[in-house]
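Q: I'd like to ask some things about the structure below.
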Amino acid sequence: MTQKLFFNLVNRVELRNISKSFGGITALKNVTFKVIPGEIHALVGENGAGKSTLVKILSGACTKDAGQIFIDGTEVNIKNTNDSKKLGIGIIYQEFSLVPDLSVAENVFLNQLDATGVWMKWGSMKKKAEEIIHSIGFNINPSVKARELSIAQQQIVEIAKALSENVKVLILDEPSAVLGPQDIQKLFETLDKLKKEGVAIIYISHHLSEIFQIADRVTVLKDGTSSESLPVSETDRDSIIRLMLGRPLNTMYPLRDTVIGEEVLKVLDIQLTDKVKGVSLTVKEGEIVGIAGLVGSGRSETVRAIFAAEKRKQGKIILFGKEVQLRSPRNAVSKGIGMVPEDRKQHGVILSLTVKQNISLTNYKGITDRFGFIKARKERNKAVELIRKLAIKTENENQEAGKLSGGNQQKVSLAKWLNRDCKVLMVDEPTRGIDVGAKVEIYNLLHELSNKGVAILVVSSESSELMGICDRILVMRKGQIQGELTRENYSEEDILRLSIGA
Amino acid sequence: MNITSSLSRALQLVVKYNTVFFFLIMMVVSAMVSDVFFTAANLFNLVRQVTPVGIISMGMLLVILTGGIDLSVGSVVAMVGVLCALFTQTMPLPLAVSASLICGLLVGSLSGYLVSMHKMAPFIATLALMSIVRGLGFIFSKGAPILVNENASALTDFGSGNSLGIPNPALVMILIFAITSVLLRYNVFGRIIIAIGSNEEAVRLSGIKVSAFKFSVYAIAGGLSAVAGIITTARTAVGSPVMGIGMELDVIATVVIGGASLSGGKGSAVNTLLGVFILGMIGNIMNLMNIPAYSQQVIKGLIIIFAVLLQRFQRTS
């Protein structure tokens with residue numbers, strides 16, 4: 001029945017045999033892809049499969065080498081981003097493009113500021129912005145500056161901005177990566193509403209569970225070629241993963257059989273302004289402990305406070321039974337604590353430096369003489385060893401980190417800490433926005449590290465990931481730990497219940 | 001086909017090594033417009049003229065690599081020059097020289113302290129010191145040039161003498177350039193300085209004491225400004241409180257012509273040294289051509305704009 005419906009409608013977007021290559025590398029090969037009005041069409045694939053290239057071709061950020069694009073049945077030629085906008089294509093990128101110092105209303109109408117003569121019509125603009133935001137079920141003060149918004153709110157403003165430009169096609173690139181479960185639910189309601197209004201939505205995500213929840217059809221990209229578009233109701237998770245990887249995925253998570261030893265890290269009653277209000281926790285040798293919670297619940301801040309990246313007000317940190325005074329990340333690192341930060345592009349790796357230079361950053365001891373001169377061969381060997389160990393996909397150790405895919409950047413961010421013998425490793429959102437294959441590799445890596453006795457603390461928004469790799473999960477809400485779950489009684493419902501305080 | 005491809009490759013080379021290219025153009029142009037440019041006397045003169053700026057430019061490069069700026073360098077040259085001349089009247093020469101050097105280091109350290117510990121914007125902190133130190137130079141000298149004591153002839157002999165056929169001050173500059181170049185290329189210090197300019201927070205979260213490195217680049221810049229001040233006093237046998245006015249701008253210009261990014265993380269010692277000579281040649285050749293000083297300023301500014309636009313072209317292509 002549904003199948004028939006698809007044939008009857010004119011496609012809102014149709015890509016026919018699109019090809020694109022950069023230099024010698026083929027990014028897309030004869031990709032065919034159709035989206036009808038009023039459907040949510042999921043586009044999935046590993047990083048590097050060509051999703052972003054496809055989006056860029058639709059947005060006019062790059063031009064196709066071959067093939068045809070049809071909008072509402074007529075062939076179009078998208079040469080630049082302006083063409084794309086005129087055709088009613090709106091895109092919401094992973095990295096938001098709001099101007100931090102402008103108000104919500106100004107951001108929404110940035111491309112079409114309303115003025116009579118030289119005077120801006122602030123009043124009507126604010127009112128219209130508020131209306132649009134209301135229409136998708138949210139409530140954001142249009143006078144607030146964009147920098148004061150939470151990440152979820154910023155995303156809503158991005159969507160409102162697209163809507164203000166009367167989009168016919170809305171493309172969302174990993175929209176849920178930055179959202180907590182509650183906000184994701186709201187986003188879905190919004191998308192559902194837009195879909196009913198006839199907008200064609202292309203939804204790019206790594207989260208298969210989301211796709212089953214929201215999408216009507218799904219298309220898998222692998223190595224630049226597209227699969228057939230499958231109605232979600234006629235497929236399942238395993239077949240999609242098989243299409244993405246080209247092989248079946250037996251299990252995402254390593255079997256946790258690590259012997260857990262003595263207590264390594266004990267945190268007592270730490271506080272950090274209004275973000276962390278008295279958190280105590282322990283992590284044992286070889287143990288992986290997860291911290292769950294909504295965005296803004298103080299998860300990241302807890303980890304940052306332990307690492308002394310932010311000045312905490314009170315509390316004690318005890319390592320191997322002895323209290324340690326950590327005043328700066330340098331103190332923490334010298335005591336054997338490592339942290340992989342949440343934002344890998346801003347804090348995890350330095351994009352303009354090479355992979356090798358990034359890896360060395362945490363530990364110059366073994367690769368320098370006593371005057372600080374770098375022993376080039378030793379440095380290279382160390383970097384090459386870690387690149388191999390983590391299977392980082394890079395041309396060589398001298399490739400700029402900014403040129404790597406997200407998953408590989410994340411591996412570099414981890415490699416920095418493997419370069420030191422950490423006793424405690426804290427990882428904040430270790431797999432955000434990276435593909436399934438890289439995720440599995442990172443899970444295995446954390447597992448291996450724990451086998452070597454490292455005490456690991458994992459912060460994540462993905463409950464399934466925490467349940468897969470952690471021995472215990474602490475759930476935070478409003479700066480406090482609300483409860484602890486052990487492996488025997490893990491359930492996504494319990495985590496959610498504790499996170500939202502229901 | 002072959003010609004166009006080799007032509008485009010040549011163009012790429014020019015764009016990539018734009019500072020070298022620009023340096024060569026300046027040489028050729030200078031040689032064409034003036035017969036005296038390539039005489040030994042003029043080249044010596046050129047080297048002597050650029051030496052103070054050249055010495056300080058290495059310190060400024062380090063500061064700029066971290067994403068900072070130091071506006072106080074010209075004032076330090078004057079104050080240290082004055083102090084050095086004054087000290088020679090009361091102290092033995094080695095003590096006089098080291099004491100003046102330490103004064104420069106102290107000024108740099110103060111900038112470094114304000115920037116790294118109090119998170120003051122480098123522009124503001126060093127602007128304040130630029131004013132304070134200039135004032136101190138006038139106070140110490142009571143506004144008049146100070147003559148170097150006749151007993152300190154070793155200093156003036158060094159300043160005006162040659163070794164191996166090269167002016168001594170230029171040798172000091174070359175030595176400082178060599179050390180900076182090696183530090184930036186092969187030493188952890190240089191590596192971390194560049195990393196800080198690229199992404200300070202990521203460096204901090206890697207467990208590196210960013211403040212210590214930021215502090216040290218300002219201290220070094222202050223120290224090198226002192227070296228330039230001492231050398232100028234040695235060469236002229238006078239310490240004058242009006243030395244080095246506007247010099248900070250010349251120094252910053254050389255670093256920028258050398259392709260460094262003012263937002264940090266990008267720049268090299270070789271290119272900065274080329275920048276020093278490019279700027280020096282512009283002044284030198286205009287003097288040889290008897291272009292009036294006022295027009296010189298205009299032309300200098302235009303050439304700086306052109307040089308930087310050439311780099312912009314490199315980044316976008």
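Residues are named by chain letter and number: chains run A, B, ... in the order of the structure tokens, numbers start at 1 in each chain, and ligands are numbered from 1 in the order shown.
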Which residues are near Ser52 of chain A? Cut-off 10 Å, only C-alpha atoms, ignore same chain within fewer than 3 positions. Put them as a CSV table (one decimal) with C-alpha atoms, in the first residue's frame.

A:
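And here's around-v9.csv as it stands now:
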```csv
chain,number,residue,atom,x,y,z
A,27,ALA,CA,33.3,10.2,-3.2
A,47,ASN,CA,31.9,8.2,7.8
A,48,GLY,CA,33.5,8.7,4.5
A,49,ALA,CA,30.7,6.8,2.7
A,55,VAL,CA,24.6,17.0,1.1
A,56,LYS,CA,27.1,19.5,-0.2
A,57,ILE,CA,26.0,18.9,-3.7
A,58,LEU,CA,22.4,19.6,-2.7
A,93,TYR,CA,24.7,21.1,9.9
A,173,ASP,CA,23.1,16.3,9.4
A,204,ILE,CA,21.3,11.8,8.4
```

Q: Specify as JSON, numbers by chain all residues of chain A found within 10 Å of chain B, counting only C-alpha atoms.

A: {"A": [304, 307, 308, 309, 328, 329, 330, 331, 332, 333, 334, 337, 338, 339, 340, 341, 343, 344, 345, 346, 347, 348, 349, 350, 351, 352, 353, 357, 358, 359, 360, 361, 362, 363, 364, 367, 368, 369, 371, 372, 373, 374, 375, 376, 413, 416, 417]}

Q: For the residues selected in the previous step, produce a file with C-alpha atoms as a PDB file, in the first residue's frame.

A:
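File produced: part31.pdb:
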```pdb
ATOM      1  CA  ARG A 304      36.255  18.333  33.958  1.00  0.00           C
ATOM      2  CA  PHE A 307      40.643  16.683  35.717  1.00  0.00           C
ATOM      3  CA  ALA A 308      40.979  20.191  37.217  1.00  0.00           C
ATOM      4  CA  ALA A 309      40.107  21.708  33.851  1.00  0.00           C
ATOM      5  CA  SER A 328      45.469  22.187  36.843  1.00  0.00           C
ATOM      6  CA  PRO A 329      45.157  19.605  34.082  1.00  0.00           C
ATOM      7  CA  ARG A 330      48.939  19.394  34.274  1.00  0.00           C
ATOM      8  CA  ASN A 331      48.730  18.171  37.877  1.00  0.00           C
ATOM      9  CA  ALA A 332      46.069  15.649  36.912  1.00  0.00           C
ATOM     10  CA  VAL A 333      48.094  14.361  33.979  1.00  0.00           C
ATOM     11  CA  SER A 334      51.246  14.045  36.055  1.00  0.00           C
ATOM     12  CA  ILE A 337      44.794  10.899  34.867  1.00  0.00           C
ATOM     13  CA  GLY A 338      43.837  11.461  31.238  1.00  0.00           C
ATOM     14  CA  MET A 339      40.764  13.027  29.706  1.00  0.00           C
ATOM     15  CA  VAL A 340      39.355  12.800  26.204  1.00  0.00           C
ATOM     16  CA  PRO A 341      37.212  15.936  26.010  1.00  0.00           C
ATOM     17  CA  ASP A 343      34.452  18.517  21.860  1.00  0.00           C
ATOM     18  CA  ARG A 344      37.174  16.867  19.850  1.00  0.00           C
ATOM     19  CA  LYS A 345      37.569  19.631  17.286  1.00  0.00           C
ATOM     20  CA  GLN A 346      37.912  22.386  19.881  1.00  0.00           C
ATOM     21  CA  HIS A 347      39.645  20.565  22.710  1.00  0.00           C
ATOM     22  CA  GLY A 348      40.607  17.049  21.724  1.00  0.00           C
ATOM     23  CA  VAL A 349      42.940  17.552  18.794  1.00  0.00           C
ATOM     24  CA  ILE A 350      44.631  20.552  17.254  1.00  0.00           C
ATOM     25  CA  LEU A 351      43.358  20.488  13.707  1.00  0.00           C
ATOM     26  CA  SER A 352      46.252  22.415  12.163  1.00  0.00           C
ATOM     27  CA  LEU A 353      48.922  20.149  13.639  1.00  0.00           C
ATOM     28  CA  GLN A 357      52.397  16.264  16.744  1.00  0.00           C
ATOM     29  CA  ASN A 358      48.998  15.787  18.336  1.00  0.00           C
ATOM     30  CA  ILE A 359      49.933  12.414  19.732  1.00  0.00           C
ATOM     31  CA  SER A 360      53.211  13.717  21.172  1.00  0.00           C
ATOM     32  CA  LEU A 361      51.491  16.592  22.938  1.00  0.00           C
ATOM     33  CA  THR A 362      50.750  14.630  26.093  1.00  0.00           C
ATOM     34  CA  ASN A 363      54.175  13.112  26.534  1.00  0.00           C
ATOM     35  CA  TYR A 364      57.493  14.504  25.430  1.00  0.00           C
ATOM     36  CA  ILE A 367      61.136  11.498  22.697  1.00  0.00           C
ATOM     37  CA  THR A 368      63.331  14.398  23.802  1.00  0.00           C
ATOM     38  CA  ASP A 369      66.812  14.816  25.175  1.00  0.00           C
ATOM     39  CA  PHE A 371      67.559  20.096  26.414  1.00  0.00           C
ATOM     40  CA  GLY A 372      64.136  19.495  24.977  1.00  0.00           C
ATOM     41  CA  PHE A 373      65.310  18.613  21.478  1.00  0.00           C
ATOM     42  CA  ILE A 374      62.990  16.188  19.771  1.00  0.00           C
ATOM     43  CA  LYS A 375      64.415  12.882  18.629  1.00  0.00           C
ATOM     44  CA  ALA A 376      62.671  12.694  15.293  1.00  0.00           C
ATOM     45  CA  SER A 413      42.357  12.222  20.744  1.00  0.00           C
ATOM     46  CA  LYS A 416      47.254  11.011  22.955  1.00  0.00           C
ATOM     47  CA  TRP A 417      46.435   9.288  26.231  1.00  0.00           C
TER      48      TRP A 417
END
```

Q: Which residues are near Met289 of chain B? Cut-off 12 Å, only C-alpha atoms, ignore same chain within fewer than 6 positions. Put them as a PyMOL selection string.

A: chain B and resi 30-37+281-283+295-296

Q: Just the strand (DSSP E) stuff from segment 46-185 of chain B, please, per backbone DSSP, written as an NGL selection string.

A: :B and (146-147 or 162-163 or 166-167)

Q: So which residues touch Thr63 of chain A within 10 Å, counting only C-alpha atoms, skipping near sequence neighbours fewer than 3 positions away, as a VMD selection string?

A: chain A and resid 19 to 20 53 to 54 56 to 60 66 77 to 80

Q: Using backbone DSSP assignments, extract all helix (DSSP H, G or I) residues from segment 231-398 of chain A; output them as an mmCIF file with C-alpha atoms, in the first residue's frame.

A:
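The result, written out as selection25.cif:
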```
data_model
loop_
_atom_site.group_PDB
_atom_site.id
_atom_site.type_symbol
_atom_site.label_atom_id
_atom_site.label_comp_id
_atom_site.auth_asym_id
_atom_site.auth_seq_id
_atom_site.Cartn_x
_atom_site.Cartn_y
_atom_site.Cartn_z
ATOM 1 C CA VAL A 232 11.676 1.269 7.280
ATOM 2 C CA SER A 233 8.755 -0.992 8.049
ATOM 3 C CA GLU A 234 10.183 -3.658 5.777
ATOM 4 C CA ARG A 237 18.535 -3.039 12.244
ATOM 5 C CA ASP A 238 20.731 -5.955 11.284
ATOM 6 C CA SER A 239 20.099 -5.637 7.584
ATOM 7 C CA ILE A 240 20.896 -1.941 7.662
ATOM 8 C CA ILE A 241 24.134 -2.556 9.540
ATOM 9 C CA ARG A 242 24.963 -5.250 7.033
ATOM 10 C CA LEU A 243 24.435 -2.797 4.192
ATOM 11 C CA MET A 244 26.544 -0.170 5.949
ATOM 12 C CA LEU A 245 29.455 -2.390 6.798
ATOM 13 C CA ARG A 299 28.188 14.986 33.541
ATOM 14 C CA SER A 300 30.913 16.713 31.560
ATOM 15 C CA GLU A 301 31.478 19.235 34.317
ATOM 16 C CA THR A 302 32.044 16.437 36.823
ATOM 17 C CA VAL A 303 34.727 14.933 34.643
ATOM 18 C CA ARG A 304 36.255 18.333 33.958
ATOM 19 C CA ALA A 305 36.283 19.103 37.672
ATOM 20 C CA ILE A 306 38.113 15.856 38.435
ATOM 21 C CA PRO A 329 45.157 19.605 34.082
ATOM 22 C CA ARG A 330 48.939 19.394 34.274
ATOM 23 C CA ASN A 331 48.730 18.171 37.877
ATOM 24 C CA ALA A 332 46.069 15.649 36.912
ATOM 25 C CA VAL A 333 48.094 14.361 33.979
ATOM 26 C CA SER A 334 51.246 14.045 36.055
ATOM 27 C CA ARG A 344 37.174 16.867 19.850
ATOM 28 C CA LYS A 345 37.569 19.631 17.286
ATOM 29 C CA GLN A 346 37.912 22.386 19.881
ATOM 30 C CA HIS A 347 39.645 20.565 22.710
ATOM 31 C CA GLY A 348 40.607 17.049 21.724
ATOM 32 C CA VAL A 355 48.683 13.501 13.708
ATOM 33 C CA LYS A 356 52.160 12.886 15.064
ATOM 34 C CA GLN A 357 52.397 16.264 16.744
ATOM 35 C CA ASN A 358 48.998 15.787 18.336
ATOM 36 C CA ILE A 359 49.933 12.414 19.732
ATOM 37 C CA SER A 360 53.211 13.717 21.172
ATOM 38 C CA LYS A 365 59.541 12.579 27.968
ATOM 39 C CA GLY A 366 60.511 9.585 25.894
ATOM 40 C CA ILE A 367 61.136 11.498 22.697
ATOM 41 C CA ALA A 376 62.671 12.694 15.293
ATOM 42 C CA ARG A 377 62.924 8.961 14.789
ATOM 43 C CA LYS A 378 61.676 8.092 18.267
ATOM 44 C CA GLU A 379 58.756 10.457 17.878
ATOM 45 C CA ARG A 380 57.876 9.007 14.507
ATOM 46 C CA ASN A 381 58.075 5.424 15.732
ATOM 47 C CA LYS A 382 55.818 6.144 18.654
ATOM 48 C CA ALA A 383 53.243 7.868 16.450
ATOM 49 C CA VAL A 384 53.329 5.127 13.827
ATOM 50 C CA GLU A 385 52.890 2.483 16.509
ATOM 51 C CA LEU A 386 49.782 4.191 17.882
ATOM 52 C CA ILE A 387 48.370 4.902 14.435
ATOM 53 C CA ARG A 388 48.667 1.203 13.689
ATOM 54 C CA LYS A 389 47.330 0.106 17.048
#
```

Q: Which neighbours of Ser240 of chain B fall inside 7 Å, counting only C-alpha atoms, when residues of the same chain fewer than 2 positions from it are skipped, and could you give them as a ChimeraX atom specification?

A: /B:78,81-82,144-146,238,242-243

Q: Deliver the residues from the most recent selection as a file, using N, CA and C atoms, as a short mmCIF file (atom, residue, chain, number, x, y, z; two decimals), in the first residue's frame.

A:
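New file out35.cif:
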```cif
data_model
loop_
_atom_site.label_atom_id
_atom_site.label_comp_id
_atom_site.auth_asym_id
_atom_site.auth_seq_id
_atom_site.Cartn_x
_atom_site.Cartn_y
_atom_site.Cartn_z
N ALA B 78 64.79 51.84 23.80
CA ALA B 78 65.21 53.16 24.26
C ALA B 78 65.65 53.13 25.72
N GLY B 81 68.81 51.17 26.12
CA GLY B 81 69.92 51.91 25.52
C GLY B 81 70.42 53.00 26.46
N VAL B 82 69.47 53.73 27.04
CA VAL B 82 69.80 54.79 27.99
C VAL B 82 70.49 54.20 29.23
N ALA B 144 67.69 63.70 27.78
CA ALA B 144 68.83 64.01 26.91
C ALA B 144 69.59 62.73 26.55
N PRO B 145 70.23 62.70 25.39
CA PRO B 145 71.04 61.54 25.04
C PRO B 145 72.18 61.36 26.05
N ILE B 146 72.48 60.11 26.36
CA ILE B 146 73.55 59.81 27.33
C ILE B 146 74.74 59.24 26.57
N VAL B 238 75.90 56.28 21.99
CA VAL B 238 74.95 57.15 22.69
C VAL B 238 73.69 56.35 23.03
N VAL B 242 64.85 58.64 22.66
CA VAL B 242 63.92 58.68 21.52
C VAL B 242 64.21 57.58 20.50
N MET B 243 65.10 56.68 20.87
CA MET B 243 65.36 55.54 19.96
C MET B 243 64.10 54.68 19.85
#
```

Q: Within 12 Å of Val44 of chain A, counting only C-alpha atoms, which residues show up once you throw out same-chain ones fewer than 5 positions away? Write them as a ChimeraX atom specification, please.

A: /A:49-52,54,172-174,202-212,215,217-227,229-230,237,240-245,433-436
